Amino acid sequence: MKTLTQLQKAKTSTPGAARADSAFVYNPDLKKMTDLLFGDGPIYTAVLEAQLLLTSGFSEDSREAGIGFTTAAFASIAPRDGLERLLVAQMIGCHNLAMAFMARAASNDQPSEALDKNVSRATRLMDMFVSQIGALKSYRSRGEQKVRVEHVHVNASAQAVVGCLNTESKKS
């Protein structure tokens with residue numbers, strides 16, 4: 001995971017990665033070149049960061065806190081490739097929005113209909129977050145399932161077999 005300083009240098013030193021008020025200016029020719037040469041390069045990172053900051057709920061006054069939180073959350077999940085980075089960005093955005101709706105629901109000066117809507121929205125977002133965790137886990141394990149038996153009970157009249165069983169029938 002790159003440090004915040006490296007990310008900031010990459011965003012400002014990449015030609016065509018001009019940003020205005022945290023908004024990425026799209027240049028299709030540069031994007032094609034960057035994709036071919038760098039894959040998950042600095043522009044990719046800059047766009048993800050801008051998207052994450054838009055969902056962070058942090059104001060311009062607390063932008064540093066938003067960057068710090070986003071960086072820490074990203075680092076704690078430790079995405080391994082471009083697809084995981086996209087999913088992690090969605091997870092962080094989903095979490096941020098769920099927390100925003102929970103904060104609104106905690107406000108005392110609102111009608112019960114608004115409370116219900118905020119709790120419902122937060123609940124849906126938190127359910128989505130749990131689904132995203134499952135998707136990340138499934139992607140990382142490449143869909144493989146492992147079963148590990150920790151303890152086996154064998155009753156007095158039963159038989160136990162340890163090892164692999166071949167269930168093919170023999171034909172004469």
# chains A, B, ... in the order shown; residues from 1 in each chain; ligands from 1
$ residues_around --residues "Phe101 (chain A)" --least-positions-apart "2" --cutoff "8 Å" --atoms "only C-alpha atoms" --output "PDB file with N, CA and C atoms, in the first residue's frame"
ATOM      1  N   LEU A  97     -21.851   5.924   4.271  1.00  0.00           N
ATOM      2  CA  LEU A  97     -23.255   6.324   4.112  1.00  0.00           C
ATOM      3  C   LEU A  97     -24.141   5.695   5.186  1.00  0.00           C
ATOM      4  N   ALA A  98     -23.875   4.449   5.537  1.00  0.00           N
ATOM      5  CA  ALA A  98     -24.653   3.803   6.605  1.00  0.00           C
ATOM      6  C   ALA A  98     -24.499   4.568   7.915  1.00  0.00           C
ATOM      7  N   MET A  99     -23.272   4.981   8.213  1.00  0.00           N
ATOM      8  CA  MET A  99     -23.033   5.733   9.449  1.00  0.00           C
ATOM      9  C   MET A  99     -23.706   7.104   9.400  1.00  0.00           C
ATOM     10  N   ALA A 103     -26.431   8.399  12.048  1.00  0.00           N
ATOM     11  CA  ALA A 103     -26.308   9.676  12.761  1.00  0.00           C
ATOM     12  C   ALA A 103     -27.589  10.490  12.628  1.00  0.00           C
ATOM     13  N   ARG A 104     -28.169  10.480  11.435  1.00  0.00           N
ATOM     14  CA  ARG A 104     -29.441  11.189  11.243  1.00  0.00           C
ATOM     15  C   ARG A 104     -30.539  10.556  12.088  1.00  0.00           C
ATOM     16  N   ALA A 105     -30.534   9.228  12.167  1.00  0.00           N
ATOM     17  CA  ALA A 105     -31.558   8.534  12.959  1.00  0.00           C
ATOM     18  C   ALA A 105     -31.411   8.848  14.436  1.00  0.00           C
ATOM     19  N   ASN A 118     -34.484   6.699   7.936  1.00  0.00           N
ATOM     20  CA  ASN A 118     -33.036   6.693   8.159  1.00  0.00           C
ATOM     21  C   ASN A 118     -32.543   5.350   8.679  1.00  0.00           C
ATOM     22  N   VAL A 119     -33.282   4.749   9.599  1.00  0.00           N
ATOM     23  CA  VAL A 119     -32.897   3.430  10.111  1.00  0.00           C
ATOM     24  C   VAL A 119     -32.986   2.389   9.000  1.00  0.00           C
ATOM     25  N   ARG A 121     -32.709   2.828   5.718  1.00  0.00           N
ATOM     26  CA  ARG A 121     -31.611   3.033   4.765  1.00  0.00           C
ATOM     27  C   ARG A 121     -30.291   2.547   5.346  1.00  0.00           C
ATOM     28  N   ALA A 122     -30.043   2.867   6.609  1.00  0.00           N
ATOM     29  CA  ALA A 122     -28.806   2.422   7.252  1.00  0.00           C
ATOM     30  C   ALA A 122     -28.752   0.898   7.312  1.00  0.00           C
TER      31      ALA A 122
END
$ select_by_dssp --residues "region 91-145 of chain A" --states "helix (DSSP H, G or I)" --output "PyMOL selection string"
chain A and resi 91-106+112-140
$ atom_distance --atom1 "CA of Ser56 (chain A)" --atom2 "CA of Ser120 (chain A)"
19.8 Å
$ closest_residue --among "A:Leu52, A:Asp116, A:Leu136, A:Ala106" --to "Ile77 (chain A)" --atoms "only C-alpha atoms"
A:Leu136
$ atom_distance --atom1 "CA of Thr71 (chain A)" --atom2 "CA of Ile133 (chain A)"
18.1 Å
$ residues_around --residues "Ala78 (chain A)" --least-positions-apart "6" --cutoff "10 Å" --atoms "only C-alpha atoms" --output "list in words"
Met1, Ala72, Glu84, Arg85 and Val88 of chain A
$ atom_distance --atom1 "CA of Ala135 (chain A)" --atom2 "CA of Leu87 (chain A)"
8.5 Å
$ closest_residue --among "A:Ser131, A:Asn108, A:Asn155, A:Thr45" --to "Asp81 (chain A)" --atoms "only C-alpha atoms"
A:Thr45
$ residues_around --residues "Met128 (chain A)" --least-positions-apart "5" --cutoff "9 Å" --atoms "only C-alpha atoms" --output "list in words"
Met91, Cys94, Thr123 and Ile133 of chain A
